[in-house]
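Asker: This is my_file_16.cif (mmCIF, C-alpha atoms and all ligand atoms).
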data_protein
loop_
_atom_site.label_atom_id
_atom_site.label_comp_id
_atom_site.auth_asym_id
_atom_site.auth_seq_id
_atom_site.Cartn_x
_atom_site.Cartn_y
_atom_site.Cartn_z
CA MET Y 1 43.62 60.67 -43.79
CA VAL Y 2 42.75 59.00 -40.47
CA GLN Y 3 39.78 56.72 -40.12
CA ALA Y 4 39.08 54.83 -36.90
CA GLU Y 5 36.16 52.64 -35.99
CA ASN Y 6 35.41 50.77 -32.78
CA ILE Y 7 38.59 51.62 -30.92
CA TYR Y 8 38.53 50.00 -27.49
CA LYS Y 9 41.27 49.95 -24.88
CA SER Y 10 41.35 48.29 -21.50
CA PHE Y 11 44.05 48.34 -18.88
CA GLY Y 12 43.30 45.37 -16.64
CA LYS Y 13 39.68 45.65 -15.58
CA TYR Y 14 39.44 49.32 -16.56
CA GLU Y 15 38.01 50.03 -19.98
CA ILE Y 16 39.34 53.47 -20.93
CA LEU Y 17 38.16 53.64 -24.56
CA LYS Y 18 34.72 52.23 -25.27
CA GLY Y 19 34.31 52.34 -29.03
CA VAL Y 20 35.82 55.50 -30.45
CA ASN Y 21 34.92 56.37 -34.05
CA LEU Y 22 36.45 59.23 -35.97
CA ARG Y 23 37.31 60.44 -39.43
CA VAL Y 24 39.85 63.15 -40.10
CA LYS Y 25 40.19 64.63 -43.56
CA LYS Y 26 43.53 65.35 -45.22
CA GLY Y 27 44.74 68.83 -44.40
CA SER Y 28 42.51 69.39 -41.42
CA ILE Y 29 43.46 70.42 -37.93
CA VAL Y 30 41.51 68.54 -35.32
CA CYS Y 31 41.69 69.11 -31.58
CA ILE Y 32 40.97 66.38 -29.06
CA LEU Y 33 39.69 67.65 -25.74
CA GLY Y 34 38.77 65.92 -22.53
CA GLU Y 35 39.43 65.82 -18.80
CA SER Y 36 42.66 64.52 -17.35
CA GLY Y 37 42.50 60.72 -17.35
CA SER Y 38 39.78 60.57 -20.00
CA GLY Y 39 42.02 58.63 -22.40
CA LYS Y 40 43.33 61.30 -24.78
CA SER Y 41 46.95 60.11 -24.75
CA THR Y 42 45.81 56.49 -24.91
CA LEU Y 43 43.74 57.24 -28.02
CA LEU Y 44 46.48 59.31 -29.68
CA HIS Y 45 49.04 56.52 -29.16
CA ILE Y 46 46.67 54.03 -30.78
CA LEU Y 47 45.86 56.33 -33.72
CA GLY Y 48 49.58 57.02 -34.17
CA THR Y 49 50.23 53.23 -34.27
CA LEU Y 50 52.42 53.37 -31.16
CA ASP Y 51 50.06 51.17 -29.16
CA LYS Y 52 47.46 48.55 -30.06
CA PRO Y 53 43.79 48.76 -29.17
CA THR Y 54 42.00 45.96 -27.32
CA PHE Y 55 40.32 43.87 -30.01
CA LYS Y 56 36.81 42.57 -29.31
CA LYS Y 57 35.30 39.40 -30.74
CA ASN Y 58 32.02 40.94 -31.81
CA LYS Y 59 33.31 44.32 -33.04
CA LYS Y 60 35.34 45.10 -36.11
CA THR Y 61 38.09 47.54 -35.21
CA ILE Y 62 39.41 49.58 -38.11
CA LEU Y 63 42.31 52.01 -38.30
CA LYS Y 64 43.32 53.49 -41.62
CA ILE Y 65 46.10 56.02 -42.07
CA ASN Y 66 46.25 57.56 -45.52
CA GLY Y 67 44.17 54.66 -46.80
CA GLU Y 68 46.45 51.95 -45.32
CA ASP Y 69 44.74 49.47 -43.05
CA VAL Y 70 47.35 49.41 -40.28
CA PHE Y 71 46.18 46.13 -38.71
CA SER Y 72 46.58 44.13 -41.91
CA ILE Y 73 50.00 45.25 -43.13
CA SER Y 74 53.40 43.77 -42.22
CA ASP Y 75 55.42 45.12 -39.30
CA LYS Y 76 58.05 46.28 -41.78
CA LYS Y 77 55.54 48.31 -43.79
CA LEU Y 78 54.10 49.71 -40.58
CA SER Y 79 57.56 50.82 -39.40
CA THR Y 80 58.08 52.60 -42.71
CA ILE Y 81 54.73 54.38 -42.43
CA ARG Y 82 55.55 55.33 -38.84
CA ASN Y 83 58.88 56.81 -39.90
CA GLU Y 84 57.86 58.50 -43.14
CA GLU Y 85 54.22 59.44 -42.84
CA ILE Y 86 53.55 59.96 -39.15
CA GLY Y 87 54.99 62.54 -36.79
CA PHE Y 88 54.38 62.13 -33.08
CA VAL Y 89 54.82 64.71 -30.33
CA PHE Y 90 54.73 62.95 -26.98
CA GLN Y 91 53.26 64.51 -23.87
CA THR Y 92 56.46 63.40 -22.10
CA HIS Y 93 58.75 64.39 -25.02
CA GLN Y 94 60.64 61.04 -25.22
CA LEU Y 95 63.88 62.68 -26.31
CA LEU Y 96 67.09 60.66 -26.31
CA PRO Y 97 69.19 61.98 -23.39
CA GLU Y 98 72.60 61.07 -24.79
CA PHE Y 99 72.07 62.99 -28.03
CA THR Y 100 72.13 66.74 -28.64
CA ALA Y 101 69.03 68.71 -29.65
CA LEU Y 102 70.17 68.75 -33.28
CA GLU Y 103 70.87 65.01 -33.26
CA ASN Y 104 67.47 64.26 -31.71
CA VAL Y 105 65.78 66.11 -34.56
CA CYS Y 106 67.98 64.52 -37.24
CA LEU Y 107 67.66 60.86 -36.17
CA PRO Y 108 64.27 60.06 -37.77
CA GLY Y 109 65.62 61.73 -40.93
CA PHE Y 110 68.73 59.52 -40.93
CA ILE Y 111 66.53 56.42 -40.62
CA ASN Y 112 64.25 57.54 -43.46
CA LYS Y 113 65.01 55.36 -46.49
CA LYS Y 114 63.71 57.96 -48.92
CA ILE Y 115 66.28 60.53 -47.84
CA ASN Y 116 69.86 59.33 -48.13
CA ASP Y 117 71.45 62.68 -47.79
CA LYS Y 118 72.59 63.53 -44.27
CA TYR Y 119 73.50 67.05 -45.28
CA HIS Y 120 69.93 67.73 -46.39
CA VAL Y 121 68.49 66.30 -43.13
CA LYS Y 122 70.84 68.45 -41.04
CA LYS Y 123 69.98 71.57 -43.00
CA ARG Y 124 66.28 70.92 -42.57
CA ALA Y 125 66.72 70.18 -38.84
CA LYS Y 126 68.54 73.48 -38.36
CA LYS Y 127 65.75 75.32 -40.15
CA LEU Y 128 63.12 73.71 -37.92
CA LEU Y 129 65.13 74.54 -34.79
CA ASN Y 130 65.33 78.12 -35.99
CA GLN Y 131 61.57 78.29 -36.63
CA LEU Y 132 60.99 76.98 -33.12
CA ASN Y 133 63.41 79.45 -31.48
CA LEU Y 134 65.89 76.76 -30.52
CA SER Y 135 68.89 77.57 -32.70
CA GLU Y 136 71.10 78.50 -29.77
CA TYR Y 137 70.42 75.12 -28.14
CA GLU Y 138 71.45 72.96 -31.09
CA ASN Y 139 74.29 71.39 -29.16
CA SER Y 140 72.53 71.15 -25.80
CA LYS Y 141 71.42 67.84 -24.36
CA PRO Y 142 67.71 67.49 -23.52
CA GLU Y 143 68.42 67.63 -19.76
CA GLU Y 144 69.81 71.14 -20.24
CA LEU Y 145 66.55 72.38 -21.73
CA SER Y 146 63.43 73.70 -20.02
CA GLY Y 147 60.09 71.90 -20.29
CA GLY Y 148 58.86 74.20 -23.05
CA GLN Y 149 62.14 73.94 -24.95
CA LYS Y 150 61.98 70.13 -24.81
CA GLN Y 151 58.43 70.28 -26.06
CA ARG Y 152 59.38 72.44 -29.04
CA LEU Y 153 62.32 70.14 -29.73
CA SER Y 154 59.92 67.22 -29.77
CA VAL Y 155 57.79 69.13 -32.32
CA ALA Y 156 60.84 69.72 -34.53
CA ARG Y 157 61.66 66.01 -34.43
CA ALA Y 158 58.08 65.12 -35.37
CA LEU Y 159 58.29 67.39 -38.42
CA ILE Y 160 61.71 66.39 -39.77
CA ASN Y 161 60.41 63.86 -42.32
CA ASN Y 162 57.62 66.15 -43.47
CA PRO Y 163 54.98 63.60 -42.39
CA LYS Y 164 51.48 63.51 -43.82
CA VAL Y 165 49.91 63.40 -40.39
CA ILE Y 166 51.10 64.77 -37.06
CA PHE Y 167 49.78 63.53 -33.75
CA ALA Y 168 50.62 66.00 -30.99
CA ASP Y 169 49.90 65.35 -27.32
CA GLU Y 170 49.54 68.71 -25.55
CA PRO Y 171 52.31 70.32 -27.63
CA SER Y 172 51.73 73.75 -26.10
CA GLY Y 173 51.06 72.49 -22.57
CA ASN Y 174 54.30 73.85 -21.12
CA LEU Y 175 54.54 76.99 -23.22
CA ASP Y 176 53.86 80.61 -22.33
CA ALA Y 177 51.11 82.33 -24.32
CA LYS Y 178 53.53 83.87 -26.85
CA ASN Y 179 55.39 80.65 -27.64
CA ALA Y 180 52.14 78.68 -27.68
CA GLU Y 181 50.68 81.04 -30.26
CA LYS Y 182 53.84 80.87 -32.34
CA LEU Y 183 53.73 77.09 -32.31
CA HIS Y 184 50.06 77.04 -33.30
CA LEU Y 185 50.79 79.39 -36.20
CA ILE Y 186 53.49 76.98 -37.39
CA PHE Y 187 50.89 74.18 -37.45
CA PHE Y 188 48.48 76.29 -39.50
CA TYR Y 189 51.25 77.40 -41.84
CA LEU Y 190 52.29 73.78 -42.46
CA ARG Y 191 48.74 72.72 -43.08
CA LYS Y 192 48.39 75.46 -45.67
CA LYS Y 193 51.74 74.86 -47.32
CA PHE Y 194 51.96 71.03 -47.30
CA LYS Y 195 48.34 70.06 -46.59
CA GLN Y 196 49.58 68.26 -43.49
CA THR Y 197 46.95 66.87 -41.16
CA PHE Y 198 47.08 67.50 -37.42
CA LEU Y 199 45.42 65.69 -34.52
CA ILE Y 200 46.21 67.68 -31.43
CA VAL Y 201 45.35 66.91 -27.83
CA THR Y 202 45.06 70.24 -26.12
CA HIS Y 203 43.60 72.23 -23.27
CA ASN Y 204 44.34 75.44 -25.16
CA ILE Y 205 40.98 77.10 -25.87
CA GLN Y 206 42.43 79.48 -28.46
CA LEU Y 207 43.86 76.60 -30.49
CA ALA Y 208 40.68 74.54 -30.16
CA ASP Y 209 38.63 77.48 -31.39
CA MET Y 210 40.83 77.86 -34.47
CA ALA Y 211 40.69 74.14 -35.31
CA ASP Y 212 38.50 72.73 -38.09
CA GLN Y 213 37.01 70.21 -35.72
CA LYS Y 214 36.83 69.72 -31.95
CA LEU Y 215 36.40 66.21 -30.59
CA LYS Y 216 35.72 65.61 -26.92
CA ILE Y 217 36.44 62.35 -25.16
CA GLU Y 218 34.00 61.64 -22.39
CA LYS Y 219 33.28 58.33 -20.67
CA GLY Y 220 35.35 56.43 -23.23
CA ILE Y 221 33.71 57.73 -26.39
CA ILE Y 222 33.83 60.82 -28.56
CA THR Y 223 30.90 63.06 -27.87
N1 LIG W 1 49.97 51.79 -19.47
C1 LIG W 1 48.93 51.95 -18.66
N2 LIG W 1 48.62 51.02 -17.71
C2 LIG W 1 47.54 51.17 -16.93
N3 LIG W 1 46.70 52.21 -16.98
C3 LIG W 1 46.96 53.16 -17.88
C4 LIG W 1 48.07 53.10 -18.77
N4 LIG W 1 48.06 54.19 -19.57
C5 LIG W 1 46.99 54.91 -19.18
N5 LIG W 1 46.32 54.30 -18.19
C6 LIG W 1 45.10 54.80 -17.56
O1 LIG W 1 44.18 55.17 -18.57
C7 LIG W 1 43.50 56.37 -18.21
C8 LIG W 1 43.66 57.37 -19.33
O2 LIG W 1 45.01 57.79 -19.40
P1 LIG W 1 45.53 58.83 -20.47
O3 LIG W 1 46.98 59.02 -20.24
O4 LIG W 1 45.11 58.38 -21.81
O5 LIG W 1 44.69 60.12 -20.06
P2 LIG W 1 44.74 61.61 -20.65
O6 LIG W 1 43.35 61.95 -21.09
O7 LIG W 1 45.81 61.72 -21.64
O8 LIG W 1 45.07 62.47 -19.34
P3 LIG W 1 45.98 63.82 -19.18
O9 LIG W 1 45.15 64.97 -19.65
O10 LIG W 1 46.23 63.88 -17.70
O11 LIG W 1 47.23 63.64 -19.97
C9 LIG W 1 44.05 56.81 -16.87
O12 LIG W 1 43.13 56.41 -15.87
C10 LIG W 1 45.35 56.06 -16.75
O13 LIG W 1 45.61 55.73 -15.42
MG MG W 2 47.57 62.72 -21.70
#
Please re-express this file's structure in structure tokens.

Answerer:
Amino acid sequence: MVQAENIYKSFGKYEILKGVNLRVKKGSIVCILGESGSGKSTLLHILGTLDKPTFKKNKKTILKINGEDVFSISDKKLSTIRNEEIGFVFQTHQLLPEFTALENVCLPGFINKKINDKYHVKKRAKKLLNQLNLSEYENSKPEELSGGQKQRLSVARALINNPKVIFADEPSGNLDAKNAEKLHLIFFYLRKKFKQTFLIVTHNIQLADMADQKLKIEKGIIT
């Protein structure tokens, strides 16, 4: 489902990623671990096609999502893949402040060309909000929500289009143990039901222990 080879990333003179290679099978739950500043978010953004790696002359960088070579397809095709096949949960949520919780979840569904039924999107969004214990906040703006509530809202938004692969950057970072466990169970349920694939950056030991694979970033590579 996700295949990456020779992923490098430099910010100015600092090389953060020094040739990351990984392969994630469809339907697997993979945790990415590593110290703060080790490059986990940087890697996840690149894998999720939200940022570009640093290309090197003498290395062939490859990124394939569901078999599509993302560096050789048109921007239009890439946008479609990003909207329909990829779900992304940002470490910093990235919710739209002027929209309500329900609207934030619905928006990627309204953009999705495959679904042209707003009623269906709204119904699905409400179901996701319910599963994530956010029903009573449907009409709240993001600024009225706590850190953990915003995080769960960001998860609901990532799931609205039923993506094939979900990239989640510390999705349970702000949650208490009970809500964290509930969220993790949702991930495992979705994997079982829809064979969705998850790449999750986490410091949560319990989640990492349940995952199919644990990858650790250290000194710019996966160890
Ligand atoms: N846009 C940027 N410009 C310059 N440096 C950056 C940028 N983004 C990240 N970095 C640097 O890259 C390094 C890795 O950052 P990244 O956010 O990927 O770490 P992380 O492993 O996700 O850390 P954390 O666990 O604290 O979230 C850091 O040293 C950071 O300062
Ligand atoms: Mg990070």

Asker: Nearest to Gln91 of chain Y among Y:Lys126, Y:Arg23, Y:Lys60, Y:Lys40, with distances taken over all atoms listed in the file: which residue is it?

Answerer: Y:Lys40

Asker: What residues have any atom no more than 9 Å from ligand LIG 1 (chain W) when counting only C-alpha atoms and all ligand atoms, and can you list them as an mmCIF file with C-alpha atoms, in the coordinates of the input?

Answerer:
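Contents of part32.cif, freshly written:
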data_model
loop_
_atom_site.group_PDB
_atom_site.id
_atom_site.type_symbol
_atom_site.label_atom_id
_atom_site.label_comp_id
_atom_site.auth_asym_id
_atom_site.auth_seq_id
_atom_site.Cartn_x
_atom_site.Cartn_y
_atom_site.Cartn_z
ATOM 1 C CA LYS Y 9 41.270 49.950 -24.880
ATOM 2 C CA SER Y 10 41.350 48.290 -21.500
ATOM 3 C CA PHE Y 11 44.050 48.340 -18.880
ATOM 4 C CA GLY Y 12 43.300 45.370 -16.640
ATOM 5 C CA TYR Y 14 39.440 49.320 -16.560
ATOM 6 C CA GLU Y 15 38.010 50.030 -19.980
ATOM 7 C CA ILE Y 16 39.340 53.470 -20.930
ATOM 8 C CA LEU Y 17 38.160 53.640 -24.560
ATOM 9 C CA LEU Y 33 39.690 67.650 -25.740
ATOM 10 C CA GLY Y 34 38.770 65.920 -22.530
ATOM 11 C CA GLU Y 35 39.430 65.820 -18.800
ATOM 12 C CA SER Y 36 42.660 64.520 -17.350
ATOM 13 C CA GLY Y 37 42.500 60.720 -17.350
ATOM 14 C CA SER Y 38 39.780 60.570 -20.000
ATOM 15 C CA GLY Y 39 42.020 58.630 -22.400
ATOM 16 C CA LYS Y 40 43.330 61.300 -24.780
ATOM 17 C CA SER Y 41 46.950 60.110 -24.750
ATOM 18 C CA THR Y 42 45.810 56.490 -24.910
ATOM 19 C CA LEU Y 43 43.740 57.240 -28.020
ATOM 20 C CA LEU Y 44 46.480 59.310 -29.680
ATOM 21 C CA HIS Y 45 49.040 56.520 -29.160
ATOM 22 C CA GLN Y 91 53.260 64.510 -23.870
ATOM 23 C CA ASP Y 169 49.900 65.350 -27.320
ATOM 24 C CA GLU Y 170 49.540 68.710 -25.550
ATOM 25 C CA VAL Y 201 45.350 66.910 -27.830
ATOM 26 C CA THR Y 202 45.060 70.240 -26.120
ATOM 27 C CA HIS Y 203 43.600 72.230 -23.270
ATOM 28 C CA ILE Y 217 36.440 62.350 -25.160
#

Asker: Quick one: everything within 9 Å of Asn179 of chain Y, counting all atoms listed in the file, minus sequence neighbours fewer than 4 positions away in the same chain. Send it as a list in words.

Answerer: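 Result of the neighbour search: Leu132, Asn133, Gly148, Ser172, Leu175, Leu183 and His184 of chain Y.
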
Asker: Identify which of the residues Y:Lys122, Y:Lys64, Y:Arg152, Y:Lys114 lies closest to Ile46 of chain Y, counting all atoms listed in the file when measuring atom-to-atom distances.

Answerer: Y:Lys64

Asker: Give me the residues within 6 Å of Ala168 of chain Y as an MDAnalysis selection string, counting all atoms listed in the file and dropping any in the same chain fewer than 2 places off.

Answerer: chainID Y and resid 88:89 171 200

Asker: I'd like the interatomic distance between atom CA of Asn162 of chain Y and atom CA of Gly109 of chain Y, to a tenth of an Å.

Answerer: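 Atom CA of Gly109 of chain Y lies at a distance of 9.5 Å from atom CA of Asn162 of chain Y.
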
Asker: Report, in Å to a single decimal, how far apart atom CA of His93 of chain Y and atom CA of Glu218 of chain Y are.

Answerer: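 Distance between the two atoms: 25.0 Å.
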
Asker: Calculate how many Å separate atom CA of Asn104 of chain Y from atom CA of Ser140 of chain Y, rounding to one decimal.

Answerer: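 Interatomic distance, atom CA of Asn104 of chain Y to atom CA of Ser140 of chain Y: 10.4 Å.
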
Asker: List the spatial neighbours of Leu153 of chain Y as an mmCIF file with C-alpha atoms, keeping the file's coordinate frame - criterion: any atom at most 8 Å away, all atoms listed in the file, same-chain residues fewer than 3 positions off excluded.

Answerer:
data_model
loop_
_atom_site.group_PDB
_atom_site.id
_atom_site.type_symbol
_atom_site.label_atom_id
_atom_site.label_comp_id
_atom_site.auth_asym_id
_atom_site.auth_seq_id
_atom_site.Cartn_x
_atom_site.Cartn_y
_atom_site.Cartn_z
ATOM 1 C CA ALA Y 101 69.030 68.710 -29.650
ATOM 2 C CA VAL Y 105 65.780 66.110 -34.560
ATOM 3 C CA LEU Y 129 65.130 74.540 -34.790
ATOM 4 C CA LEU Y 132 60.990 76.980 -33.120
ATOM 5 C CA LEU Y 134 65.890 76.760 -30.520
ATOM 6 C CA GLN Y 149 62.140 73.940 -24.950
ATOM 7 C CA LYS Y 150 61.980 70.130 -24.810
ATOM 8 C CA ALA Y 156 60.840 69.720 -34.530
ATOM 9 C CA ARG Y 157 61.660 66.010 -34.430
#

Asker: Write out as number ranges by chain which residues come within 12 Å of Tyr189 of chain Y when counting only C-alpha atoms, dropping same-chain ones fewer than 6 positions away.

Answerer: Y: 27-29, 131, 182-183, 195-198

Asker: I'd like the contact shell of Ile160 of chain Y - 9 Å cut-off, only C-alpha atoms, skipping same-chain residues fewer than 3 positions apart - returned as a CSV table (one decimal) with C-alpha atoms, keeping the file's coordinate frame.

Answerer:
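Output saved as part-v3.csv:
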chain,number,residue,atom,x,y,z
Y,87,GLY,CA,55.0,62.5,-36.8
Y,105,VAL,CA,65.8,66.1,-34.6
Y,106,CYS,CA,68.0,64.5,-37.2
Y,107,LEU,CA,67.7,60.9,-36.2
Y,108,PRO,CA,64.3,60.1,-37.8
Y,109,GLY,CA,65.6,61.7,-40.9
Y,121,VAL,CA,68.5,66.3,-43.1
Y,124,ARG,CA,66.3,70.9,-42.6
Y,125,ALA,CA,66.7,70.2,-38.8
Y,128,LEU,CA,63.1,73.7,-37.9
Y,155,VAL,CA,57.8,69.1,-32.3
Y,156,ALA,CA,60.8,69.7,-34.5
Y,157,ARG,CA,61.7,66.0,-34.4
Y,163,PRO,CA,55.0,63.6,-42.4

Asker: Grab all the atoms of segment 188-191 of chain Y that the file lists, wrap them in a box along x, y and z, add 4 Å per side, and give me centre plus edge lengths in Å (one decimal) as AutoDock Vina command-line options.

Answerer:
--center_x 50.4 --center_y 75.1 --center_z -41.3 --size_x 11.8 --size_y 12.7 --size_z 11.6

Asker: For a quick check of understanding, using only C-alpha atoms and all ligand atoms, which of Y:Leu95, Y:Ile32, Y:Pro142, Y:Tyr8 has the smallest distance to ligand MG 2 (chain W)?

Answerer: Y:Ile32

Asker: For Ser154 of chain Y, which residue among Y:Thr92, Y:Asn112, Y:Gln213, Y:Asn204 is the nearest when counting all atoms listed in the file?

Answerer: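 Closest residue, counting all atoms listed in the file: Y:Thr92.
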
Asker: Could you tell me, as a list in words, which residues have any atom at most 10 Å from (36.9, 52.3, -32.4), counting all atoms listed in the file?

Answerer: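 The residues near that point, listed by chain and number, are Gln3, Ala4, Glu5, Asn6, Ile7, Tyr8, Lys9, Leu17, Lys18, Gly19, Val20, Asn21, Leu22, Leu43, Leu47, Pro53, Thr54, Phe55, Lys59, Lys60, Thr61, Ile62, Leu63, Ile221 and Ile222 of chain Y.
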
Asker: For a quick check of understanding, using only C-alpha atoms and all ligand atoms, which of Y:Thr223, Y:Gln206, Y:Thr80, Y:Phe90 has the smallest distance to ligand MG 2 (chain W)?

Answerer: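 When distances to ligand MG 2 (chain W) are compared using only C-alpha atoms and all ligand atoms, the smallest one comes from Y:Phe90.
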